[in-house]
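K.L.:
structure_7.json is reproduced in full below (JSON, C-alpha atoms).
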```json
[["chain", "number", "residue", "atom", "x", "y", "z"],
["M", 240, "MET", "CA", 70.34, 94.04, 90.01],
["M", 241, "VAL", "CA", 67.29, 93.90, 87.72],
["M", 242, "ALA", "CA", 66.65, 90.31, 88.81],
["M", 243, "GLY", "CA", 66.64, 91.33, 92.47],
["M", 244, "LEU", "CA", 64.25, 94.22, 91.86],
["M", 245, "SER", "CA", 61.93, 91.80, 90.04],
["M", 246, "MET", "CA", 61.53, 89.46, 93.03],
["M", 247, "PRO", "CA", 58.41, 89.53, 95.27],
["M", 248, "GLN", "CA", 60.74, 90.67, 98.10],
["M", 249, "LYS", "CA", 62.90, 93.17, 96.28],
["M", 250, "ALA", "CA", 66.59, 92.81, 97.14],
["M", 251, "THR", "CA", 70.01, 93.91, 95.91],
["M", 252, "PRO", "CA", 73.40, 92.27, 96.51],
["M", 253, "PRO", "CA", 75.44, 94.19, 99.13],
["M", 254, "LYS", "CA", 78.61, 94.07, 97.02],
["M", 255, "TYR", "CA", 77.14, 96.92, 94.94],
["M", 256, "PHE", "CA", 77.44, 99.29, 97.91],
["M", 257, "TYR", "CA", 81.13, 99.72, 97.21],
["M", 258, "ASP", "CA", 81.70, 102.27, 94.53],
["M", 259, "GLU", "CA", 84.16, 105.04, 95.42],
["M", 260, "ARG", "CA", 81.54, 106.99, 97.41],
["M", 261, "GLY", "CA", 80.22, 103.86, 99.10],
["M", 262, "SER", "CA", 83.71, 102.77, 100.15],
["M", 263, "ALA", "CA", 84.35, 106.21, 101.64],
["M", 264, "LEU", "CA", 81.03, 106.16, 103.51],
["M", 265, "PHE", "CA", 81.80, 102.71, 104.90],
["M", 266, "GLU", "CA", 85.05, 104.06, 106.32],
["M", 267, "GLU", "CA", 82.94, 106.77, 108.00],
["M", 268, "ILE", "CA", 80.59, 104.12, 109.41],
["M", 269, "CYS", "CA", 83.56, 102.33, 110.95],
["M", 270, "ALA", "CA", 84.39, 105.51, 112.89],
["M", 271, "THR", "CA", 80.89, 106.08, 114.32],
["M", 272, "PRO", "CA", 80.49, 105.46, 118.06],
["M", 273, "GLU", "CA", 77.68, 102.97, 117.49],
["M", 274, "TYR", "CA", 79.57, 100.71, 115.06],
["M", 275, "TYR", "CA", 81.57, 98.59, 117.50],
["M", 276, "VAL", "CA", 82.68, 95.97, 114.96],
["M", 277, "THR", "CA", 85.72, 97.76, 113.54],
["M", 278, "ARG", "CA", 87.25, 99.15, 116.71],
["M", 279, "THR", "CA", 86.59, 95.98, 118.71],
["M", 280, "GLU", "CA", 88.00, 93.67, 116.04],
["M", 281, "THR", "CA", 90.97, 96.01, 115.55],
["M", 282, "ALA", "CA", 91.75, 95.92, 119.27],
["M", 283, "LEU", "CA", 91.44, 92.14, 119.26],
["M", 284, "LEU", "CA", 93.75, 91.78, 116.26],
["M", 285, "ARG", "CA", 96.27, 94.15, 117.84],
["M", 286, "SER", "CA", 96.35, 92.16, 121.07],
["M", 287, "ARG", "CA", 96.52, 88.77, 119.33],
["M", 288, "ALA", "CA", 98.74, 89.70, 116.38],
["M", 289, "PRO", "CA", 101.86, 88.02, 117.85],
["M", 290, "GLN", "CA", 99.94, 84.74, 118.26],
["M", 291, "ILE", "CA", 98.55, 85.01, 114.74],
["M", 292, "ALA", "CA", 101.97, 85.89, 113.34],
["M", 293, "ALA", "CA", 103.48, 82.80, 114.98],
["M", 294, "THR", "CA", 101.31, 80.64, 112.70],
["M", 295, "ILE", "CA", 102.57, 82.27, 109.48],
["M", 296, "GLU", "CA", 105.47, 80.62, 107.64],
["M", 297, "SER", "CA", 108.45, 82.54, 106.32],
["M", 298, "GLY", "CA", 107.87, 83.79, 102.79],
["M", 299, "ALA", "CA", 104.11, 83.27, 103.00],
["M", 300, "VAL", "CA", 101.68, 85.22, 100.84],
["M", 301, "LEU", "CA", 98.96, 87.10, 102.70],
["M", 302, "VAL", "CA", 95.78, 87.14, 100.58],
["M", 303, "GLU", "CA", 93.10, 89.56, 101.78],
["M", 304, "PHE", "CA", 89.52, 89.28, 100.58],
["M", 305, "GLY", "CA", 87.68, 92.60, 100.37],
["M", 306, "SER", "CA", 90.74, 94.57, 101.44],
["M", 307, "GLY", "CA", 89.24, 98.07, 101.46],
["M", 308, "ALA", "CA", 91.69, 100.51, 103.05],
["M", 309, "SER", "CA", 93.93, 97.65, 104.28],
["M", 310, "GLU", "CA", 94.17, 99.24, 107.73],
["M", 311, "LYS", "CA", 93.78, 96.04, 109.77],
["M", 312, "THR", "CA", 96.30, 94.35, 107.50],
["M", 313, "ARG", "CA", 99.02, 96.51, 108.99],
["M", 314, "LEU", "CA", 98.54, 94.82, 112.36],
["M", 315, "ILE", "CA", 99.40, 91.48, 110.76],
["M", 316, "LEU", "CA", 102.25, 92.85, 108.65],
["M", 317, "ASP", "CA", 103.83, 94.62, 111.63],
["M", 318, "ALA", "CA", 103.75, 91.42, 113.69],
["M", 319, "ALA", "CA", 104.79, 89.12, 110.83],
["M", 320, "PRO", "CA", 107.73, 90.62, 108.93],
["M", 321, "GLN", "CA", 108.30, 87.15, 107.46],
["M", 322, "VAL", "CA", 105.36, 87.70, 105.07],
["M", 323, "GLY", "CA", 106.83, 87.82, 101.58],
["M", 324, "ALA", "CA", 103.94, 89.19, 99.55],
["M", 325, "TYR", "CA", 100.55, 90.79, 100.04],
["M", 326, "VAL", "CA", 97.66, 90.25, 97.62],
["M", 327, "PRO", "CA", 94.77, 92.63, 98.39],
["M", 328, "ILE", "CA", 91.58, 91.72, 96.51],
["M", 329, "ASP", "CA", 88.77, 94.26, 96.20],
["M", 330, "ILE", "CA", 85.93, 95.13, 93.85],
["M", 331, "SER", "CA", 86.58, 98.89, 94.05],
["M", 332, "PRO", "CA", 89.57, 99.77, 91.82],
["M", 333, "ASP", "CA", 90.10, 103.27, 93.18],
["M", 334, "ALA", "CA", 90.10, 102.22, 96.83],
["M", 335, "LEU", "CA", 92.28, 99.20, 96.03],
["M", 336, "GLN", "CA", 94.96, 101.11, 94.14],
["M", 337, "GLN", "CA", 95.16, 103.82, 96.78],
["M", 338, "ALA", "CA", 95.46, 101.30, 99.62],
["M", 339, "ALA", "CA", 98.00, 99.17, 97.73],
["M", 340, "ALA", "CA", 100.15, 102.24, 97.06],
["M", 341, "ARG", "CA", 100.15, 103.17, 100.75],
["M", 342, "ILE", "CA", 101.11, 99.63, 101.80],
["M", 343, "ALA", "CA", 103.89, 99.48, 99.18],
["M", 344, "ARG", "CA", 105.23, 102.82, 100.41],
["M", 345, "ASP", "CA", 105.19, 101.84, 104.10],
["M", 346, "TYR", "CA", 106.49, 98.27, 103.63],
["M", 347, "PRO", "CA", 109.16, 98.66, 100.92],
["M", 348, "SER", "CA", 110.48, 95.09, 101.23],
["M", 349, "LEU", "CA", 106.99, 93.60, 100.70],
["M", 350, "ARG", "CA", 105.72, 92.64, 97.26],
["M", 351, "VAL", "CA", 102.24, 94.17, 96.89],
["M", 352, "LEU", "CA", 100.17, 92.54, 94.15],
["M", 353, "PRO", "CA", 96.64, 94.02, 94.04],
["M", 354, "VAL", "CA", 93.82, 92.22, 92.24],
["M", 355, "THR", "CA", 90.68, 94.11, 91.22],
["M", 356, "VAL", "CA", 87.90, 91.53, 91.14],
["M", 357, "ASP", "CA", 84.73, 90.43, 92.88],
["M", 358, "PHE", "CA", 86.22, 87.86, 95.26],
["M", 359, "THR", "CA", 82.98, 85.87, 95.29],
["M", 360, "ARG", "CA", 83.83, 84.82, 91.73],
["M", 361, "ALA", "CA", 86.79, 82.85, 90.42],
["M", 362, "VAL", "CA", 90.02, 84.58, 91.42],
["M", 363, "ALA", "CA", 93.41, 83.98, 89.81],
["M", 364, "LEU", "CA", 96.31, 84.96, 92.03],
["M", 365, "PRO", "CA", 99.18, 86.87, 90.37],
["M", 366, "SER", "CA", 101.88, 84.61, 88.94],
["M", 367, "PRO", "CA", 104.65, 85.92, 91.27],
["M", 368, "VAL", "CA", 102.80, 84.21, 94.14],
["M", 369, "GLY", "CA", 104.06, 80.90, 92.82],
["M", 370, "HIS", "CA", 103.94, 78.01, 95.27],
["M", 371, "ALA", "CA", 104.57, 80.03, 98.43],
["M", 372, "PRO", "CA", 102.45, 79.18, 101.49],
["M", 373, "ARG", "CA", 99.17, 81.10, 101.44],
["M", 374, "VAL", "CA", 97.37, 82.69, 104.36],
["M", 375, "GLY", "CA", 93.94, 84.18, 103.79],
["M", 376, "PHE", "CA", 92.82, 87.26, 105.71],
["M", 377, "PHE", "CA", 89.12, 88.11, 105.82],
["M", 378, "PRO", "CA", 88.35, 90.61, 108.63],
["M", 379, "GLY", "CA", 85.32, 92.76, 109.29],
["M", 380, "SER", "CA", 82.73, 89.99, 109.68],
["M", 381, "THR", "CA", 82.10, 90.30, 105.94],
["M", 382, "ILE", "CA", 81.28, 86.59, 105.90],
["M", 383, "GLY", "CA", 78.06, 87.54, 107.69],
["M", 384, "ASN", "CA", 76.83, 89.40, 104.59],
["M", 385, "PHE", "CA", 76.26, 86.10, 102.79],
["M", 386, "THR", "CA", 73.41, 83.66, 103.22],
["M", 387, "PRO", "CA", 74.58, 80.42, 104.87],
["M", 388, "PRO", "CA", 74.69, 78.53, 101.54],
["M", 389, "GLU", "CA", 76.55, 81.44, 99.91],
["M", 390, "ALA", "CA", 78.98, 81.59, 102.85],
["M", 391, "VAL", "CA", 79.71, 77.87, 102.60],
["M", 392, "GLN", "CA", 80.34, 78.18, 98.86],
["M", 393, "LEU", "CA", 82.62, 81.19, 99.40],
["M", 394, "LEU", "CA", 84.62, 79.40, 102.09],
["M", 395, "ARG", "CA", 85.01, 76.42, 99.76],
["M", 396, "THR", "CA", 86.25, 78.73, 97.00],
["M", 397, "VAL", "CA", 88.71, 80.37, 99.39],
["M", 398, "ARG", "CA", 89.97, 76.95, 100.55],
["M", 399, "SER", "CA", 90.59, 75.96, 96.94],
["M", 400, "LEU", "CA", 92.38, 79.22, 96.18],
["M", 401, "LEU", "CA", 94.66, 78.99, 99.22],
["M", 402, "GLY", "CA", 95.49, 75.41, 98.37],
["M", 403, "PRO", "CA", 96.93, 72.55, 100.43],
["M", 404, "GLY", "CA", 98.36, 73.78, 103.70],
["M", 405, "GLY", "CA", 96.56, 77.11, 103.42],
["M", 406, "SER", "CA", 94.96, 78.77, 106.41],
["M", 407, "LEU", "CA", 92.39, 81.53, 106.86],
["M", 408, "ILE", "CA", 92.29, 84.28, 109.49],
["M", 409, "ILE", "CA", 88.68, 85.45, 109.57],
["M", 410, "GLY", "CA", 86.80, 87.99, 111.66],
["M", 411, "VAL", "CA", 83.29, 87.12, 112.82],
["M", 412, "ASP", "CA", 80.70, 89.20, 114.68],
["M", 413, "MET", "CA", 78.94, 87.35, 117.46],
["M", 414, "VAL", "CA", 75.29, 87.22, 118.54],
["M", 415, "LYS", "CA", 74.50, 89.87, 121.16],
["M", 416, "ASP", "CA", 71.60, 91.99, 122.43],
["M", 417, "SER", "CA", 69.37, 93.44, 119.73],
["M", 418, "ALA", "CA", 69.69, 97.07, 120.87],
["M", 419, "THR", "CA", 73.46, 97.05, 120.39],
["M", 420, "LEU", "CA", 73.07, 95.44, 116.98],
["M", 421, "VAL", "CA", 70.34, 97.73, 115.64],
["M", 422, "THR", "CA", 72.05, 100.97, 116.68],
["M", 423, "ALA", "CA", 75.29, 99.77, 115.08],
["M", 424, "TYR", "CA", 73.46, 99.71, 111.75],
["M", 425, "ASP", "CA", 71.38, 102.85, 112.31],
["M", 426, "ASP", "CA", 73.75, 105.44, 113.77],
["M", 427, "ALA", "CA", 72.49, 108.74, 115.13],
["M", 428, "ALA", "CA", 74.49, 110.80, 112.60],
["M", 429, "GLY", "CA", 72.82, 109.01, 109.69],
["M", 430, "VAL", "CA", 76.05, 107.83, 108.06],
["M", 431, "THR", "CA", 74.68, 104.32, 107.53],
["M", 432, "ALA", "CA", 71.50, 105.77, 106.03],
["M", 433, "ARG", "CA", 73.59, 107.74, 103.51],
["M", 434, "PHE", "CA", 75.62, 104.59, 102.77],
["M", 435, "ASN", "CA", 72.41, 102.64, 102.14],
["M", 436, "LYS", "CA", 70.90, 105.32, 99.91],
["M", 437, "ASN", "CA", 74.14, 105.69, 97.96],
["M", 438, "LEU", "CA", 73.22, 102.36, 96.40],
["M", 439, "LEU", "CA", 70.24, 104.08, 94.76],
["M", 440, "ALA", "CA", 72.46, 106.92, 93.57],
["M", 441, "ARG", "CA", 74.77, 104.37, 91.97],
["M", 442, "ILE", "CA", 71.83, 102.65, 90.24],
["M", 443, "ASN", "CA", 70.71, 106.03, 88.92],
["M", 444, "ARG", "CA", 74.18, 106.81, 87.60],
["M", 445, "GLU", "CA", 75.20, 103.44, 86.17],
["M", 446, "LEU", "CA", 71.88, 101.84, 85.19],
["M", 447, "SER", "CA", 69.90, 104.90, 84.05],
["M", 448, "GLY", "CA", 67.70, 104.74, 87.14],
["M", 449, "ASP", "CA", 65.38, 107.43, 88.41],
["M", 450, "PHE", "CA", 65.17, 106.64, 92.13],
["M", 451, "ASP", "CA", 64.21, 109.61, 94.30],
["M", 452, "LEU", "CA", 66.48, 109.10, 97.31],
["M", 453, "ASP", "CA", 64.21, 111.26, 99.48],
["M", 454, "ALA", "CA", 61.30, 108.90, 98.79],
["M", 455, "PHE", "CA", 62.98, 106.10, 100.76],
["M", 456, "ASP", "CA", 63.87, 105.70, 104.44],
["M", 457, "HIS", "CA", 66.73, 103.64, 105.86],
["M", 458, "ARG", "CA", 65.72, 100.94, 108.35],
["M", 459, "ALA", "CA", 67.72, 98.34, 110.30],
["M", 460, "ILE", "CA", 66.01, 95.40, 112.05],
["M", 461, "TRP", "CA", 67.15, 92.35, 114.01],
["M", 462, "ASN", "CA", 65.77, 89.11, 112.56],
["M", 463, "ALA", "CA", 66.07, 86.83, 115.58],
["M", 464, "PRO", "CA", 64.99, 83.54, 113.92],
["M", 465, "LEU", "CA", 67.65, 83.96, 111.23],
["M", 466, "GLN", "CA", 70.21, 85.52, 113.60],
["M", 467, "ARG", "CA", 70.91, 88.47, 111.35],
["M", 468, "ILE", "CA", 70.66, 92.23, 111.11],
["M", 469, "GLU", "CA", 68.84, 93.36, 107.98],
["M", 470, "MET", "CA", 69.11, 96.72, 106.24],
["M", 471, "HIS", "CA", 66.21, 97.92, 104.13],
["M", 472, "LEU", "CA", 65.19, 100.96, 102.14],
["M", 473, "VAL", "CA", 61.49, 101.58, 102.77],
["M", 474, "SER", "CA", 59.36, 103.37, 100.20],
["M", 475, "ARG", "CA", 57.54, 106.36, 101.70],
["M", 476, "ILE", "CA", 54.91, 106.43, 98.92],
["M", 477, "ASP", "CA", 53.39, 104.42, 96.10],
["M", 478, "GLN", "CA", 55.79, 105.00, 93.23],
["M", 479, "LEU", "CA", 57.11, 103.65, 89.93],
["M", 480, "VAL", "CA", 60.87, 103.54, 89.51],
["M", 481, "HIS", "CA", 62.75, 102.86, 86.29],
["M", 482, "VAL", "CA", 66.05, 100.97, 86.07],
["M", 483, "ALA", "CA", 67.79, 99.88, 82.86],
["M", 484, "GLY", "CA", 64.66, 100.62, 80.84],
["M", 485, "ARG", "CA", 62.31, 98.62, 83.08],
["M", 486, "GLY", "CA", 59.70, 99.84, 85.53],
["M", 487, "PHE", "CA", 59.41, 98.62, 89.13],
["M", 488, "ALA", "CA", 56.43, 99.51, 91.31],
["M", 489, "PHE", "CA", 56.86, 100.17, 95.03],
["M", 490, "LYS", "CA", 53.92, 100.45, 97.39],
["M", 491, "ALA", "CA", 54.11, 102.76, 100.38],
["M", 492, "GLY", "CA", 55.91, 100.85, 103.14],
["M", 493, "GLU", "CA", 57.41, 98.28, 100.74],
["M", 494, "ARG", "CA", 61.00, 97.34, 101.51],
["M", 495, "LEU", "CA", 64.05, 96.94, 99.32],
["M", 496, "HIS", "CA", 66.31, 94.52, 101.22],
["M", 497, "THR", "CA", 69.88, 95.77, 100.69],
["M", 498, "GLU", "CA", 71.98, 93.82, 103.20],
["M", 499, "SER", "CA", 71.94, 91.05, 105.77],
["M", 500, "SER", "CA", 74.64, 90.68, 108.40],
["M", 501, "HIS", "CA", 74.54, 87.28, 110.07],
["M", 502, "LYS", "CA", 75.85, 86.93, 113.60],
["M", 503, "PHE", "CA", 77.33, 83.76, 115.07],
["M", 504, "THR", "CA", 78.25, 81.78, 118.12],
["M", 505, "VAL", "CA", 81.49, 79.81, 118.23],
["M", 506, "GLU", "CA", 79.43, 76.66, 117.69],
["M", 507, "SER", "CA", 77.37, 77.97, 114.77],
["M", 508, "PHE", "CA", 80.42, 79.35, 112.99],
["M", 509, "GLY", "CA", 82.26, 76.07, 113.51],
["M", 510, "LEU", "CA", 79.41, 74.23, 111.83],
["M", 511, "LEU", "CA", 79.40, 76.69, 108.92],
["M", 512, "ALA", "CA", 83.17, 76.41, 108.43],
["M", 513, "GLY", "CA", 83.03, 72.64, 108.74],
["M", 514, "SER", "CA", 80.46, 72.47, 105.93],
["M", 515, "ALA", "CA", 83.06, 74.11, 103.68],
["M", 516, "GLY", "CA", 85.85, 71.74, 104.65],
["M", 517, "TRP", "CA", 87.55, 73.95, 107.23],
["M", 518, "ALA", "CA", 88.25, 73.25, 110.90],
["M", 519, "ILE", "CA", 88.78, 75.75, 113.69],
["M", 520, "ASP", "CA", 92.42, 75.61, 114.79],
["M", 521, "GLN", "CA", 92.29, 78.56, 117.18],
["M", 522, "HIS", "CA", 89.91, 81.37, 118.02],
["M", 523, "TRP", "CA", 90.13, 84.57, 120.03],
["M", 524, "LEU", "CA", 87.15, 86.39, 121.57],
["M", 525, "SER", "CA", 87.06, 90.09, 122.45],
["M", 526, "PRO", "CA", 85.55, 91.61, 125.59],
["M", 527, "GLU", "CA", 81.92, 92.69, 125.16],
["M", 528, "PRO", "CA", 80.50, 93.55, 122.69],
["M", 529, "HIS", "CA", 81.91, 90.24, 121.48],
["M", 530, "VAL", "CA", 83.59, 89.77, 118.13],
["M", 531, "ALA", "CA", 85.88, 86.88, 117.32],
["M", 532, "VAL", "CA", 88.84, 86.06, 115.12],
["M", 533, "PHE", "CA", 89.19, 82.46, 113.97],
["M", 534, "ARG", "CA", 92.13, 80.65, 112.43],
["M", 535, "LEU", "CA", 90.78, 78.02, 110.10],
["M", 536, "VAL", "CA", 92.76, 75.15, 108.61],
["M", 537, "ALA", "CA", 91.80, 72.49, 106.08],
["M", 538, "PRO", "CA", 92.22, 69.00, 107.59],
["M", 539, "ASP", "CA", 94.25, 66.57, 105.50]]
```
Please go through the file and, once you have read it, give me the structure as structure tokens.
P.N.:
Amino acid sequence: MVAGLSMPQKATPPKYFYDERGSALFEEICATPEYYVTRTETALLRSRAPQIAATIESGAVLVEFGSGASEKTRLILDAAPQVGAYVPIDISPDALQQAAARIARDYPSLRVLPVTVDFTRAVALPSPVGHAPRVGFFPGSTIGNFTPPEAVQLLRTVRSLLGPGGSLIIGVDMVKDSATLVTAYDDAAGVTARFNKNLLARINRELSGDFDLDAFDHRAIWNAPLQRIEMHLVSRIDQLVHVAGRGFAFKAGERLHTESSHKFTVESFGLLAGSAGWAIDQHWLSPEPHVAVFRLVAPD
């Protein structure tokens, strides 16, 4: 965090959005009328769940990266009763334990083995997983939050974790008109703005910061050359902010870059996946506004 605030273009990793309050606010974002990603991907998964389930072996372990509330997971579990175990992985312990308890209650024959960890780092699967076939599940277009090199590295790490014969079901948001994209990240009710500013509240609480949340404005922009939506917090005034005992100067209008969300075409995502050793086996595209679900496999 301190390193990012020290850069000429100040930036913070988006994974730090997700404390308990941030996770709750993200669930609110998913319900806003402007944020099409969740409802469109959910509808796509619901309609294609039988086809996805047909690719899952009996006794397989479903490993979800960034599981959150595990709501979309239910679409897979309902269509694939042959899944033997579910491993939700999330950085937020409170959200993870609550979601895992609900899944365990509603699917009593399923082994639920939650892992609290930052999935971008080395992950050790619970020992009961053993040598069962592994299917990764990574919905929500979360892959878009990483720079292309970071995304390639993450996909390589996931491929290694899932092992030989593993597959990955991944949700991806597609390139579309800028107006639809910007409003999705700057909703009229201001939920996304509160989500963005909650990062500053977390810094204040956990790193002895003194950010004045009212001295920053939320802004979302479409960066066409890099094919990504960017979220920023823009300083309203010249100010000096302290974090972890260090001072950081902001000029009026200076931006703190808090998130990027890359958007893809089928071709560009295929190239990204291929760089990590994956190949597209199948993909499904929603009606407009387009999102996609890909099934990736690792060629022998």
K.L.:
Would you list the residues near (100.9, 82.3, 104.8), meaning any protein, DNA or RNA residue with an atom at most 8 Å from that point in file coordinates, counting all atoms listed in the file, as a list in words?
P.N.:
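Protein, DNA and RNA residues close to (100.9, 82.3, 104.8): Ile295, Glu296, Ser297, Gly298, Ala299, Val300, Leu301, Val322, Ala371, Pro372, Arg373, Val374, Gly375, Gly405 and Ser406 of chain M.
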K.L.:
Give me the residues of region 405-486 of chain M that have any atom at most 9 Å from an atom of region 250-265 of chain M; for each, the nearest atom pair and the distance in Å, rounded to one decimal. Use only C-alpha atoms, sort by chain and number, and format it as a Markdown table.
P.N.:
```
| residue | atom | partner | partner_atom | distance |
| --- | --- | --- | --- | --- |
| M:Val430 | CA | M:Leu264 | CA | 6.9 |
| M:Thr431 | CA | M:Leu264 | CA | 7.7 |
| M:Arg433 | CA | M:Leu264 | CA | 7.6 |
| M:Phe434 | CA | M:Leu264 | CA | 5.7 |
| M:Asn435 | CA | M:Phe256 | CA | 7.4 |
| M:Asn437 | CA | M:Gly261 | CA | 6.5 |
| M:Leu438 | CA | M:Phe256 | CA | 5.4 |
| M:Arg441 | CA | M:Asp258 | CA | 7.7 |
| M:His471 | CA | M:Ala250 | CA | 8.7 |
```
K.L.:
List every residue of region 304-422 of chain M that has an atom at most 9 Å from any atom of region 488-507 of chain M, and for each one report the closest atom pair and its distance in Å to one decimal, counting all atoms listed in the file, with rows sorted by chain and then by increasing residue number, as a Markdown table.
P.N.:
```
| residue | atom | partner | partner_atom | distance |
| --- | --- | --- | --- | --- |
| M:Ser380 | CA | M:Ser500 | CA | 8.2 |
| M:Thr381 | CA | M:Ser500 | CA | 7.9 |
| M:Ile382 | CA | M:His501 | CA | 8.0 |
| M:Gly383 | CA | M:His501 | CA | 4.3 |
| M:Asn384 | CA | M:Ser500 | CA | 4.6 |
| M:Phe385 | CA | M:Ser499 | CA | 7.2 |
| M:Thr386 | CA | M:His501 | CA | 7.8 |
| M:Pro387 | CA | M:His501 | CA | 8.6 |
| M:Val411 | CA | M:Phe503 | CA | 7.2 |
| M:Asp412 | CA | M:Lys502 | CA | 5.5 |
| M:Met413 | CA | M:Phe503 | CA | 4.6 |
| M:Val414 | CA | M:Lys502 | CA | 5.0 |
| M:Lys415 | CA | M:Lys502 | CA | 8.2 |
```
K.L.:
Taking (105.3, 90.2, 115.3) in the file's coordinates as the center, which residues reach within 7 Å of it, counting only C-alpha atoms, put as a list in words?
P.N.:
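Checked against the point, the hits come out as Ala288, Pro289, Ala292, Asp317, Ala318, Ala319 and Pro320 of chain M.
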K.L.:
What's the separation between CA of Ser447 (chain M) and CA of Gly486 (chain M), in Å to one decimal place?
P.N.:
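CA of Gly486 (chain M) lies at a distance of 11.5 Å from CA of Ser447 (chain M).
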